[in-house]
$ cat target.txt   # compact mmCIF, C-alpha atoms
# COMPACT_ATOMS: atom_id res chain seq x y z
CA MET M 1167 -29.52 -90.96 35.94
CA ASN M 1168 -33.09 -89.80 36.50
CA ARG M 1169 -34.07 -86.66 34.58
CA ILE M 1170 -35.02 -83.74 36.81
CA PRO M 1171 -37.99 -81.64 35.76
CA TRP M 1172 -37.01 -78.18 34.52
CA ARG M 1173 -38.77 -76.33 37.28
CA HIS M 1174 -36.62 -78.17 39.85
CA ARG M 1175 -33.28 -77.92 38.06
CA HIS M 1176 -32.06 -74.96 40.05
CA SER M 1177 -32.00 -77.06 43.21
CA ALA M 1178 -33.41 -80.54 43.58
CA THR M 1179 -32.74 -83.60 45.70
CA VAL M 1180 -33.30 -87.02 44.16
CA ASN M 1181 -32.24 -90.22 45.85
CA SER M 1182 -30.55 -88.19 48.62
CA ARG M 1183 -28.29 -86.48 46.04
CA THR M 1184 -28.40 -82.81 45.06
CA TYR M 1185 -28.33 -82.06 41.35
CA ARG M 1186 -27.58 -78.66 39.83
CA PRO M 1187 -27.39 -77.77 36.18
CA LEU M 1188 -23.91 -77.68 34.73
CA VAL M 1189 -23.00 -74.25 33.43
CA ILE M 1190 -20.62 -74.54 30.52
CA GLU M 1191 -20.01 -70.87 29.82
CA VAL M 1192 -21.46 -67.38 30.26
CA LYS M 1193 -21.60 -65.64 26.90
CA ILE M 1194 -22.42 -62.01 26.01
CA THR M 1195 -23.00 -61.41 22.31
CA LEU M 1196 -22.86 -58.06 20.53
CA SER M 1197 -23.60 -58.28 16.86
CA ILE M 1198 -24.56 -55.60 14.30
CA GLU M 1199 -26.54 -58.16 12.36
CA ASP M 1200 -28.54 -59.20 15.41
CA SER M 1201 -31.79 -57.25 15.75
CA ARG M 1202 -31.17 -57.14 19.53
CA PRO M 1203 -28.52 -54.63 20.65
CA TYR M 1204 -27.31 -57.00 23.30
CA SER M 1205 -28.12 -60.28 25.01
CA MET M 1206 -28.29 -60.04 28.75
CA GLY M 1207 -25.81 -62.66 29.94
CA LYS M 1208 -27.66 -65.61 28.49
CA ARG M 1209 -26.56 -68.89 29.96
CA TRP M 1210 -26.10 -71.85 27.76
CA PHE M 1211 -26.93 -75.19 29.28
CA SER M 1212 -25.65 -78.56 28.40
CA HIS M 1213 -28.97 -79.74 27.21
CA SER M 1214 -29.19 -78.90 23.50
CA ARG M 1215 -32.97 -78.75 23.48
CA SER M 1216 -32.99 -76.10 26.23
CA ARG M 1217 -30.41 -74.10 24.25
CA GLU M 1218 -32.57 -74.19 21.12
CA ARG M 1219 -35.61 -73.05 23.06
CA SER M 1220 -33.65 -70.15 24.56
CA GLU M 1221 -32.45 -68.96 21.16
CA ALA M 1222 -35.91 -69.23 19.61
CA ARG M 1223 -37.53 -67.44 22.47
CA GLY M 1224 -34.95 -64.63 22.39
CA ARG M 1225 -35.51 -64.04 18.67
CA THR M 1226 -39.28 -63.84 18.99
CA MET M 1227 -39.74 -61.97 22.25
CA GLY M 1228 -37.31 -59.09 21.63
CA VAL M 1229 -34.82 -57.50 23.95
CA TRP M 1230 -37.08 -56.52 26.85
CA ALA M 1231 -39.22 -59.67 26.72
CA ASP M 1232 -36.05 -61.77 26.69
CA TRP M 1233 -34.69 -59.82 29.63
CA TRP M 1234 -37.88 -60.42 31.59
CA TRP M 1235 -37.89 -64.10 30.69
CA TRP M 1236 -34.31 -64.40 31.82
CA CYS M 1237 -35.04 -62.68 35.14
CA ALA M 1238 -38.21 -64.64 35.80
CA ARG M 1239 -36.54 -68.03 35.77
CA PRO M 1240 -36.32 -69.63 39.19
CA GLY M 1241 -33.44 -68.41 41.32
CA ARG M 1242 -32.39 -65.60 38.97
CA LEU M 1243 -34.70 -62.80 40.06
CA PRO M 1244 -32.77 -62.00 43.28
CA ARG M 1245 -29.50 -61.96 41.35
CA ALA M 1246 -30.94 -59.72 38.58
CA ALA M 1247 -32.53 -57.19 40.96
CA PRO M 1248 -29.37 -55.04 41.52
CA LEU M 1249 -28.74 -54.82 37.79
CA SER M 1250 -32.37 -53.89 37.17
CA ILE M 1251 -32.20 -51.15 39.78
CA LEU M 1252 -28.98 -49.83 38.24
CA LEU M 1253 -30.52 -49.79 34.78
CA ALA M 1254 -33.63 -47.95 36.04
CA THR M 1255 -31.45 -45.41 37.84
CA VAL M 1256 -29.37 -44.71 34.74
CA LEU M 1257 -32.49 -44.28 32.60
CA THR M 1258 -34.01 -41.94 35.17
CA ILE M 1259 -30.87 -39.79 35.29
CA ILE M 1260 -30.72 -39.59 31.50
CA SER M 1261 -34.40 -38.55 31.38
CA LEU M 1262 -33.86 -35.83 33.99
CA LEU M 1263 -30.81 -34.47 32.16
CA PHE M 1264 -32.80 -34.39 28.94
CA LEU M 1265 -35.62 -32.45 30.59
CA LEU M 1266 -33.26 -29.98 32.25
CA ASN M 1267 -31.45 -29.40 28.98
CA ALA M 1268 -34.74 -28.85 27.15
CA LYS M 1269 -35.82 -26.35 29.83
CA ALA M 1270 -32.52 -24.48 29.57
CA LEU M 1271 -32.81 -24.24 25.80
CA SER M 1272 -36.33 -22.85 26.08
CA ARG M 1273 -35.24 -19.94 28.26
CA HIS M 1274 -34.97 -16.51 26.71
CA PRO M 1275 -31.27 -15.69 26.29
CA THR M 1276 -29.92 -12.62 28.01
CA PRO M 1277 -28.33 -9.81 26.02
CA ARG M 1278 -24.95 -11.08 27.19
CA GLN M 1279 -25.69 -14.48 25.62
CA VAL M 1280 -27.24 -13.09 22.44
CA LEU M 1281 -24.43 -10.65 21.77
CA GLU M 1282 -21.72 -12.82 23.33
CA MET M 1283 -20.57 -9.75 25.25
CA GLY M 1284 -19.18 -9.14 28.69
CA ASP M 1285 -19.73 -6.06 30.81
CA HIS M 1286 -16.74 -4.28 29.33
CA ASP M 1287 -18.11 -4.65 25.80
CA PHE M 1288 -20.85 -2.09 26.52
CA GLU M 1289 -18.39 0.61 27.50
CA GLY M 1290 -18.71 3.45 25.02
CA ALA M 1291 -22.06 2.24 23.63
CA PRO M 1292 -24.60 4.99 22.76
CA GLN M 1293 -26.88 5.69 25.71
CA HIS M 1294 -30.03 5.03 23.66
CA HIS M 1295 -28.86 1.71 22.18
CA PRO M 1296 -31.57 -0.95 22.67
CA ASP M 1297 -29.02 -3.66 23.53
CA LEU M 1298 -27.61 -1.49 26.32
CA VAL M 1299 -31.11 -0.75 27.63
CA SER M 1300 -32.01 -4.44 27.58
CA TYR M 1301 -28.72 -5.31 29.27
CA ILE M 1302 -29.44 -2.87 32.12
CA ARG M 1303 -33.03 -4.05 32.47
CA GLN M 1304 -32.22 -7.76 32.63
CA LEU M 1305 -28.91 -7.86 34.47
CA HIS M 1306 -28.72 -4.77 36.71
CA LEU M 1307 -32.22 -3.46 37.40
CA LEU M 1308 -34.09 -4.88 40.40
CA THR M 1309 -37.86 -4.75 40.18
CA PRO M 1310 -39.84 -3.09 42.98
CA LYS M 1311 -41.43 -4.89 45.89
CA GLY M 1312 -45.13 -5.63 45.69
CA ALA M 1313 -47.53 -2.97 46.91
CA SER M 1314 -48.63 -5.24 49.77
CA ALA M 1315 -45.08 -5.97 50.95
CA PRO M 1316 -44.31 -4.22 54.27
CA TYR M 1317 -41.57 -1.67 54.74
CA ALA M 1318 -38.64 -2.52 57.01
CA LEU M 1319 -37.76 0.95 58.28
CA SER M 1320 -35.77 1.86 61.36
CA ARG M 1321 -38.16 4.81 61.95
CA PRO M 1322 -41.54 3.57 60.74
CA ASN M 1323 -43.46 6.37 62.50
CA ALA M 1324 -41.55 9.19 60.82
CA THR M 1325 -43.21 11.16 58.03
CA ASP M 1326 -40.68 13.27 56.14
CA PHE M 1327 -37.28 11.54 55.87
CA SER M 1328 -35.53 14.26 53.85
CA GLN M 1329 -32.79 16.29 55.51
CA ASN M 1330 -34.35 19.75 55.22
CA GLY M 1331 -37.94 19.15 54.18
CA GLN M 1332 -37.31 18.73 50.45
CA SER M 1333 -40.10 16.16 50.11
CA LYS M 1334 -42.73 18.48 51.57
CA GLU M 1335 -41.53 21.27 49.33
CA VAL M 1336 -41.93 19.10 46.23
CA GLU M 1337 -45.39 18.08 47.42
CA LYS M 1338 -46.28 21.75 47.73
CA ILE M 1339 -44.95 22.62 44.27
CA LEU M 1340 -46.87 19.80 42.58
CA LYS M 1341 -50.04 20.45 44.61
CA GLY M 1342 -50.03 17.06 46.34
CA LYS M 1343 -49.88 15.09 43.11
CA ARG M 1344 -50.50 11.38 43.56
CA GLY M 1345 -48.96 8.54 41.58
CA GLY M 1346 -45.97 10.55 40.41
CA VAL M 1347 -42.61 9.29 39.16
CA PHE M 1348 -39.27 10.02 40.79
CA VAL M 1349 -35.60 9.28 40.18
CA GLU M 1350 -33.26 9.62 43.14
CA ALA M 1351 -29.53 9.25 42.58
CA GLY M 1352 -27.54 8.97 45.77
CA ALA M 1353 -30.36 7.06 47.47
CA TYR M 1354 -28.11 5.97 50.37
CA ASP M 1355 -30.02 3.31 52.37
CA GLY M 1356 -33.45 4.31 51.05
CA GLU M 1357 -34.60 5.79 54.37
CA GLN M 1358 -32.20 8.24 55.97
CA LEU M 1359 -31.96 11.56 54.08
CA SER M 1360 -34.36 10.23 51.43
CA ASN M 1361 -36.10 12.86 49.31
CA THR M 1362 -38.56 10.35 47.89
CA LEU M 1363 -39.68 7.96 50.67
CA TYR M 1364 -42.38 10.36 51.87
CA LEU M 1365 -43.75 10.71 48.33
CA GLU M 1366 -43.73 6.94 47.88
CA ARG M 1367 -45.44 6.09 51.19
CA ASN M 1368 -47.97 8.90 51.38
CA LEU M 1369 -48.72 9.76 47.76
CA GLY M 1370 -48.16 6.45 45.99
CA TRP M 1371 -45.23 7.56 43.85
CA LYS M 1372 -43.00 5.08 42.02
CA GLY M 1373 -39.64 5.38 40.37
CA LEU M 1374 -35.95 4.53 40.46
CA LEU M 1375 -33.36 4.55 43.25
CA VAL M 1376 -29.70 4.68 42.21
CA GLU M 1377 -26.96 3.84 44.71
CA PRO M 1378 -23.38 2.92 43.71
CA ASP M 1379 -21.95 2.05 47.14
CA PRO M 1380 -22.28 -1.75 47.62
CA TRP M 1381 -22.66 -1.46 51.40
CA ASN M 1382 -25.38 1.20 51.18
CA PHE M 1383 -27.13 -0.73 48.43
CA TRP M 1384 -27.23 -3.84 50.62
CA SER M 1385 -29.09 -1.79 53.26
CA LEU M 1386 -31.31 -0.24 50.61
CA ARG M 1387 -32.52 -3.62 49.39
CA LYS M 1388 -33.75 -4.56 52.88
CA LYS M 1389 -35.98 -1.49 53.31
CA GLY M 1390 -38.81 -2.79 51.15
CA ARG M 1391 -38.97 0.24 48.87
CA LYS M 1392 -41.61 0.13 46.10
CA ALA M 1393 -39.22 1.39 43.43
CA HIS M 1394 -36.74 -0.02 40.94
CA LEU M 1395 -33.22 -0.36 42.34
CA VAL M 1396 -29.88 -0.30 40.58
CA ASN M 1397 -26.43 -0.70 42.11
CA ALA M 1398 -24.56 1.68 39.82
CA CYS M 1399 -23.56 5.29 39.50
CA LEU M 1400 -24.78 7.86 36.99
CA SER M 1401 -22.26 8.22 34.21
CA PRO M 1402 -20.78 11.71 33.71
CA SER M 1403 -20.53 10.79 30.01
CA PRO M 1404 -23.27 9.92 27.49
CA TYR M 1405 -22.14 6.30 27.46
CA PRO M 1406 -21.62 3.56 30.06
CA ARG M 1407 -18.29 3.09 31.73
CA GLU M 1408 -16.66 1.46 34.74
CA VAL M 1409 -15.00 3.66 37.33
CA THR M 1410 -13.21 3.46 40.64
CA PHE M 1411 -15.58 4.50 43.40
CA LYS M 1412 -14.45 5.71 46.82
CA GLN M 1413 -16.76 4.45 49.54
CA SER M 1414 -17.41 6.95 52.32
CA ASP M 1415 -20.88 6.44 53.79
CA THR M 1416 -22.99 9.37 52.51
CA MET M 1417 -20.01 11.03 50.83
CA GLY M 1418 -19.02 8.30 48.38
CA HIS M 1419 -17.99 9.52 44.95
CA ILE M 1420 -16.13 8.67 41.76
CA ALA M 1421 -12.46 8.72 42.68
CA SER M 1422 -10.15 11.20 41.01
CA GLN M 1423 -6.81 10.17 39.57
CA GLY M 1424 -5.04 11.56 42.62
CA GLU M 1425 -7.25 9.57 44.99
CA GLU M 1426 -6.69 6.39 42.98
CA ALA M 1427 -2.94 6.89 43.17
CA ASN M 1428 -3.03 7.69 46.88
CA ARG M 1429 -5.29 4.70 47.70
CA ARG M 1430 -6.21 6.03 51.12
CA GLY M 1431 -9.67 4.76 51.98
CA ILE M 1432 -11.94 2.04 50.62
CA PHE M 1433 -12.25 1.75 46.86
CA THR M 1434 -14.32 -0.47 44.59
CA ARG M 1435 -15.09 -0.77 40.90
CA VAL M 1436 -18.66 0.11 39.92
CA LYS M 1437 -20.66 0.40 36.71
CA CYS M 1438 -21.84 3.81 35.57
CA PHE M 1439 -24.85 4.13 33.27
CA PRO M 1440 -26.19 7.29 31.62
CA LEU M 1441 -29.33 8.67 33.24
CA TYR M 1442 -31.18 8.51 29.92
CA SER M 1443 -30.36 4.79 29.58
CA LEU M 1444 -31.81 4.12 33.03
CA LEU M 1445 -34.97 6.05 32.17
CA LEU M 1446 -35.42 3.90 29.07
CA ALA M 1447 -34.82 0.78 31.17
CA ILE M 1448 -37.80 1.64 33.42
CA ASN M 1449 -39.88 2.58 30.36
CA THR M 1450 -40.36 6.25 31.07
CA THR M 1451 -39.03 9.60 29.89
CA LYS M 1452 -41.45 11.67 31.99
CA VAL M 1453 -40.31 12.34 35.54
CA ASP M 1454 -42.00 14.46 38.17
CA LEU M 1455 -38.96 14.69 40.47
CA LEU M 1456 -35.28 14.20 39.72
CA SER M 1457 -33.17 14.25 42.89
CA LEU M 1458 -29.41 14.37 42.31
CA ASP M 1459 -26.85 14.03 45.09
CA VAL M 1460 -23.76 12.58 43.43
CA GLU M 1461 -21.06 14.54 45.23
CA GLY M 1462 -19.85 16.90 42.52
CA ALA M 1463 -20.89 15.19 39.25
CA GLU M 1464 -24.39 16.73 39.12
CA LEU M 1465 -23.76 19.15 36.27
CA GLN M 1466 -21.89 16.55 34.22
CA VAL M 1467 -24.79 14.10 34.62
CA LEU M 1468 -27.34 16.72 33.55
CA LYS M 1469 -25.32 17.51 30.42
CA THR M 1470 -25.67 13.90 29.23
CA LEU M 1471 -29.48 14.20 28.99
CA PRO M 1472 -31.12 14.70 25.58
CA TRP M 1473 -33.50 17.36 26.89
CA GLU M 1474 -35.67 17.27 23.80
CA LYS M 1475 -36.56 13.63 24.60
CA VAL M 1476 -37.26 13.89 28.34
CA LYS M 1477 -39.69 15.89 30.44
CA ILE M 1478 -38.77 16.59 34.06
CA GLN M 1479 -41.05 18.75 36.16
CA VAL M 1480 -38.95 19.39 39.30
CA LEU M 1481 -35.23 18.99 39.97
CA CYS M 1482 -33.67 18.84 43.41
CA ILE M 1483 -29.91 19.25 42.94
CA GLU M 1484 -27.16 19.35 45.55
CA HIS M 1485 -24.85 22.17 44.44
CA ARG M 1486 -22.22 22.41 47.19
CA HIS M 1487 -19.64 20.07 45.57
CA ILE M 1488 -20.03 21.06 41.91
CA PRO M 1489 -16.54 22.03 40.65
CA GLU M 1490 -17.98 24.53 38.13
CA GLY M 1491 -19.91 26.30 40.90
CA SER M 1492 -23.55 26.85 41.74
CA GLU M 1493 -23.97 29.65 39.23
CA ALA M 1494 -22.89 27.38 36.38
CA LEU M 1495 -25.60 24.90 37.40
CA ARG M 1496 -28.23 27.64 37.57
CA ALA M 1497 -27.26 29.11 34.21
CA TYR M 1498 -27.31 25.71 32.51
CA LEU M 1499 -30.80 24.81 33.76
CA GLU M 1500 -32.21 28.26 33.00
CA ASP M 1501 -31.09 27.74 29.41
CA ARG M 1502 -33.06 24.48 29.43
CA GLY M 1503 -36.29 26.16 30.50
CA TYR M 1504 -36.08 25.89 34.31
CA ALA M 1505 -36.27 28.48 37.03
CA LEU M 1506 -34.81 28.32 40.52
CA HIS M 1507 -37.76 27.93 42.88
CA THR M 1508 -36.03 27.78 46.24
CA SER M 1509 -32.85 26.79 48.04
CA VAL M 1510 -33.18 24.20 50.82
CA GLY M 1511 -29.98 23.48 52.73
CA ASP M 1512 -27.37 22.48 50.12
CA ASP M 1513 -30.02 21.78 47.48
CA TYR M 1514 -31.45 23.92 44.72
CA ILE M 1515 -35.01 23.14 43.66
CA PHE M 1516 -35.73 24.00 40.03
CA VAL M 1517 -39.13 23.88 38.31
CA ARG M 1518 -40.11 24.07 34.68
CA LYS M 1519 -41.05 27.59 33.67
CA ASP M 1520 -44.14 26.29 31.92
CA LEU M 1521 -45.32 24.43 35.03
CA GLU M 1522 -48.84 25.74 35.63
CA LYS M 1523 -49.98 27.60 38.75
CA ILE M 1524 -46.54 28.42 40.10
CA PRO M 1525 -46.72 32.01 41.39
CA GLN M 1526 -43.95 34.07 39.87
CA GLU M 1527 -43.20 35.80 43.18
CA ASP M 1528 -42.21 32.38 44.59
CA LEU M 1529 -39.43 32.04 42.02
CA LEU M 1530 -36.01 33.32 43.02
$ encode --input "target.txt" --output "structure tokens"
Amino acid sequence: MNRIPWRHRHSATVNSRTYRPLVIEVKITLSIEDSRPYSMGKRWFSHSRSRERSEARGRTMGVWADWWWWCARPGRLPRAAPLSILLATVLTIISLLFLLNAKALSRHPTPRQVLEMGDHDFEGAPQHHPDLVSYIRQLHLLTPKGASAPYALSRPNATDFSQNGQSKEVEKILKGKRGGVFVEAGAYDGEQLSNTLYLERNLGWKGLLVEPDPWNFWSLRKKGRKAHLVNACLSPSPYPREVTFKQSDTMGHIASQGEEANRRGIFTRVKCFPLYSLLLAINTTKVDLLSLDVEGAELQVLKTLPWEKVKIQVLCIEHRHIPEGSEALRAYLEDRGYALHTSVGDDYIFVRKDLEKIPQEDLL
């Protein structure tokens, strides 16, 4: 029989007869002693000299060179292409997973991850605790919109959005101060009945808007306010807690035990944070205006403040629903160095007695 040159062994016709190499066996070897982790389906041919060359070449060229040599032989490249694509795909996926894992490990852990705590673990924590402040800042506090971001108001041409002119009264008390700081609890949707929107739009004030009702807070987020937002209520205790909240448009409030038992209406569970904790979360203890409309819990919220550590110039407090009565609110704030400046609708406006240039005849 005539010998067929190697380059024609895959398919050759000699003397009108087709010759193909005889494959004896397909062998995959895995050996610890072998420097190659695997041998990619090396075929062993009947010709002993070809077998010796294959073994020698595999030992000298290494795993990847041997793989390329095996694929490059005539007729094998098309058959090896799917396996090559599969191998490349697997390596790509492994590389991506490695990069994603490295990126995840490089992220700064949240307080929940560092302390291995859930929300309930912060209940009862001191209001000044740095872990609680960091927890609020990273998981509950929404940063303000950029100064260039437009408002999305239903009445963009309005000026004073407060119910009875409270914003203009505060502007008058503080002599048109620009760049002030406010905190408004009971912010509703951030536009209607807002005591702070006028100050923010016209005088460049910044601050914090607190709204516990999930539906109202959803509307608040769409208004484009330039203030920090938090979907929570102000705690009537000097520590955080979770309460049952009764949703009722502008009259939502922390449900009493009787209301919880009755279950008439719409209820939800909300987080309550102390006012002092929220002030620390926005990195300020000096406030020009504190507006409180929390449907009866105003005096309890004020009693949680460490007054020696905060400085509040003007307070606008709704007093109609306070169980202890309006006089109890007035007496408490007078003991803290405030005087009742005026009454606007259902709100009392208090100012610090040491606030300069406030005519005494204007004080009630």
$ residues_around --input "target.txt" --residues "Leu1455 (chain M)" --least-positions-apart "5" --cutoff "12 Å" --atoms "all atoms listed in the file" --output "PyMOL selection string"
chain M and resi 1332-1333+1335-1337+1339-1340+1343+1345-1351+1361-1362+1365-1366+1371-1375+1477-1483+1515-1518
$ residues_around --input "target.txt" --residues "Lys1388 (chain M)" --least-positions-apart "6" --cutoff "9 Å" --atoms "all atoms listed in the file" --output "ChimeraX atom specification"
/M:1317-1319,1355
$ atom_distance --input "target.txt" --atom1 "CA of Leu1369 (chain M)" --atom2 "CA of Lys1311 (chain M)"
16.5 Å
$ atom_distance --input "target.txt" --atom1 "CA of Lys1437 (chain M)" --atom2 "CA of Pro1406 (chain M)"
7.4 Å
$ residues_around --input "target.txt" --residues "Lys1519 (chain M)" --least-positions-apart "5" --cutoff "7 Å" --atoms "only C-alpha atoms" --output "list in words"
Gly1503, Tyr1504 and Ala1505 of chain M
$ closest_residue --input "target.txt" --among "M:Lys1469, M:His1507, M:Arg1303, M:Arg1321" --to "Ser1403 (chain M)" --atoms "only C-alpha atoms"
M:Lys1469
$ residues_around --input "target.txt" --residues "region 1290-1301 of chain M" --least-positions-apart "6" --cutoff "7 Å" --atoms "only C-alpha atoms" --output "number ranges by chain"
M: 1277, 1404-1407, 1440, 1442-1443, 1446-1447
$ atom_distance --input "target.txt" --atom1 "CA of Asp1520 (chain M)" --atom2 "CA of Leu1499 (chain M)"
13.5 Å
$ closest_residue --input "target.txt" --among "M:Ser1422, M:Asn1330, M:Asn1397, M:Thr1325" --to "Tyr1364 (chain M)" --atoms "all atoms listed in the file"
M:Thr1325
$ axis_aligned_box --input "target.txt" --around "region 1290-1303 of chain M" --padding-each-side "4 Å" --output "JSON"
{"center_x": -25.9, "center_y": 0.2, "center_z": 27.3, "size_x": 22.3, "size_y": 19.0, "size_z": 18.3}
$ closest_residue --input "target.txt" --among "M:Thr1470, M:Trp1381, M:Leu1441, M:Asn1368" --to "Lys1334 (chain M)" --atoms "only C-alpha atoms"
M:Asn1368
$ residues_around --input "target.txt" --residues "region 1461-1468 of chain M" --least-positions-apart "5" --cutoff "10 Å" --atoms "all atoms listed in the file" --output "PyMOL selection string"
chain M and resi 1351-1352+1400-1404+1416-1420+1440-1442+1473+1483-1492+1494-1496+1498-1499
$ closest_residue --input "target.txt" --among "M:Gly1370, M:Glu1474, M:Asn1267, M:Thr1410" --to "Gly1342 (chain M)" --atoms "all atoms listed in the file"
M:Gly1370
$ closest_residue --input "target.txt" --among "M:Lys1341, M:Leu1359, M:Gly1331, M:Ser1385" --to "Ser1509 (chain M)" --atoms "all atoms listed in the file"
M:Gly1331
